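Visitor: upload-v8.cif is the file, holding mmCIF, C-alpha atoms:
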data_structure
loop_
_atom_site.group_PDB
_atom_site.id
_atom_site.type_symbol
_atom_site.label_atom_id
_atom_site.label_comp_id
_atom_site.auth_asym_id
_atom_site.auth_seq_id
_atom_site.Cartn_x
_atom_site.Cartn_y
_atom_site.Cartn_z
ATOM 1 C CA ARG W 1 -6.313 15.054 -23.026
ATOM 2 C CA ALA W 2 -6.301 12.899 -19.912
ATOM 3 C CA GLU W 3 -8.544 13.952 -17.068
ATOM 4 C CA LEU W 4 -6.490 13.246 -13.966
ATOM 5 C CA LEU W 5 -8.775 14.913 -11.465
ATOM 6 C CA ALA W 6 -12.458 14.915 -12.385
ATOM 7 C CA LEU W 7 -15.107 17.261 -11.040
ATOM 8 C CA ASP W 8 -16.659 14.278 -9.207
ATOM 9 C CA ASP W 9 -13.353 13.769 -7.389
ATOM 10 C CA VAL W 10 -13.317 17.372 -6.206
ATOM 11 C CA GLU W 11 -16.976 17.207 -5.165
ATOM 12 C CA HIS W 12 -16.340 14.036 -3.095
ATOM 13 C CA LEU W 13 -13.363 15.695 -1.450
ATOM 14 C CA ALA W 14 -15.390 18.802 -0.613
ATOM 15 C CA ALA W 15 -18.258 16.710 0.804
ATOM 16 C CA ALA W 16 -15.857 14.933 3.185
ATOM 17 C CA MET W 17 -14.435 18.164 4.590
ATOM 18 C CA GLU W 18 -15.550 20.293 7.490
ATOM 19 C CA PRO W 19 -16.850 23.759 6.508
ATOM 20 C CA GLY W 20 -14.105 26.375 6.675
ATOM 21 C CA SER W 21 -11.289 23.837 6.324
ATOM 22 C CA ALA W 22 -8.741 23.629 3.519
ATOM 23 C CA ALA W 23 -7.242 20.747 1.545
ATOM 24 C CA GLY W 24 -4.351 20.091 -0.763
ATOM 25 C CA VAL W 25 -4.530 17.618 -3.623
ATOM 26 C CA ILE W 26 -1.460 15.962 -5.101
ATOM 27 C CA VAL W 27 -1.524 14.119 -8.414
ATOM 28 C CA TRP W 28 1.658 12.312 -9.396
ATOM 29 C CA GLU W 29 2.856 9.884 -11.996
ATOM 30 C CA ASN W 30 4.984 6.879 -11.224
ATOM 31 C CA SER W 31 7.299 7.595 -14.168
ATOM 32 C CA TRP W 32 9.138 4.295 -13.699
ATOM 33 C CA ALA W 33 5.946 2.319 -14.367
ATOM 34 C CA ALA W 34 5.539 2.927 -18.121
ATOM 35 C CA PRO W 35 8.959 1.599 -19.215
ATOM 36 C CA PHE W 36 8.560 -1.328 -16.809
ATOM 37 C CA ALA W 37 5.116 -2.183 -18.228
ATOM 38 C CA VAL W 38 6.408 -1.986 -21.810
ATOM 39 C CA ALA W 39 9.351 -4.262 -21.009
ATOM 40 C CA ALA W 40 7.096 -6.737 -19.216
ATOM 41 C CA ARG W 41 4.619 -6.863 -22.150
ATOM 42 C CA GLN W 42 7.413 -7.204 -24.713
ATOM 43 C CA SER W 43 8.761 -10.221 -22.838
ATOM 44 C CA GLY W 44 5.339 -11.893 -22.703
ATOM 45 C CA GLY W 45 4.153 -10.640 -19.350
ATOM 46 C CA GLN W 46 0.468 -10.005 -18.643
ATOM 47 C CA LEU W 47 -1.206 -7.805 -16.045
ATOM 48 C CA ILE W 48 -3.494 -10.044 -14.020
ATOM 49 C CA ALA W 49 -4.361 -7.658 -11.188
ATOM 50 C CA SER W 50 -3.754 -4.130 -10.001
ATOM 51 C CA GLY W 51 -4.565 -2.259 -6.861
ATOM 52 C CA ARG W 52 -3.566 0.289 -4.304
ATOM 53 C CA ILE W 53 -2.442 -0.243 -0.731
ATOM 54 C CA PRO W 54 -4.388 2.169 1.503
ATOM 55 C CA THR W 55 -2.234 4.657 3.397
ATOM 56 C CA GLN W 56 -3.628 3.540 6.749
ATOM 57 C CA ALA W 57 -2.536 -0.053 6.031
ATOM 58 C CA LEU W 58 1.013 1.125 5.310
ATOM 59 C CA ILE W 59 1.094 3.192 8.494
ATOM 60 C CA ALA W 60 -0.208 0.255 10.537
ATOM 61 C CA ALA W 61 2.425 -2.076 9.049
ATOM 62 C CA VAL W 62 5.257 0.366 9.780
ATOM 63 C CA GLU W 63 4.001 0.918 13.333
ATOM 64 C CA ALA W 64 3.699 -2.835 13.909
ATOM 65 C CA ASP W 65 7.234 -3.357 12.602
ATOM 66 C CA THR W 66 8.513 -0.565 14.850
ATOM 67 C CA ASP W 67 6.728 -2.066 17.869
ATOM 68 C CA THR W 68 8.285 -5.479 17.107
ATOM 69 C CA GLU W 69 11.772 -3.986 16.808
ATOM 70 C CA GLU W 70 11.384 -2.071 20.070
ATOM 71 C CA GLY W 71 10.196 -5.206 21.862
ATOM 72 C CA SER W 72 13.240 -7.231 20.779
#
Please go through the file and, once you have read it, give me the structure as structure tokens.
Guide:
Amino acid sequence: RAELLALDDVEHLAAAMEPGSAAGVIVWENSWAAPFAVAARQSGGQLIASGRIPTQALIAAVEADTDTEEGS
């Protein structure tokens, strides 16, 4: 059984929140990734790095792109 959300995760979330506030937690699977990874491995591909782009970086990039478009 895979543990997708560990007790430590919930405790860190709770510690970051203001008393009396509420939170929602979403766990999702990128279902396209498994077949892609299998196909890549079967054709000789290797994973050399993995990572996650922070939400704030995505927001900043979209806002910068929007600002550039509006300034044109």
Visitor: Using the file's own x, y and z axes, what box holds all listed atoms of stretch 36-39 of chain W with 8 Å on each side, keeping edges along x, y and z, and what are its centre and edge lengths in Å to one decimal, as AutoDock Vina command-line options?
Guide:
--center_x 7.2 --center_y -2.8 --center_z -19.3 --size_x 20.2 --size_y 18.9 --size_z 21.0
Visitor: Which residues would end up in the selection if the PyMOL selection byres ((chain W and resi 25) around 12) were applied here, given that I need the answer as a PyMOL selection string?
Guide: chain W and resi 4-5+9-10+13-14+22-24+26-28
Visitor: Mind pulling up the distance from atom CA of W:Ala49 to atom CA of W:Ala33?
Guide: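 Here the two named atoms are 14.7 Å from each other.
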Visitor: For atom CA of W:Ile53 and atom CA of W:Ala16, quote the distance in Å rounded to one decimal.
Guide: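 Straight-line distance from atom CA of W:Ile53 to atom CA of W:Ala16 works out to 20.6 Å.
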Visitor: What gap, in Å, lies between atom CA of W:Arg52 and atom CA of W:Ala34?
Guide: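 Taking atom CA of W:Arg52 and atom CA of W:Ala34, their separation equals 16.8 Å.
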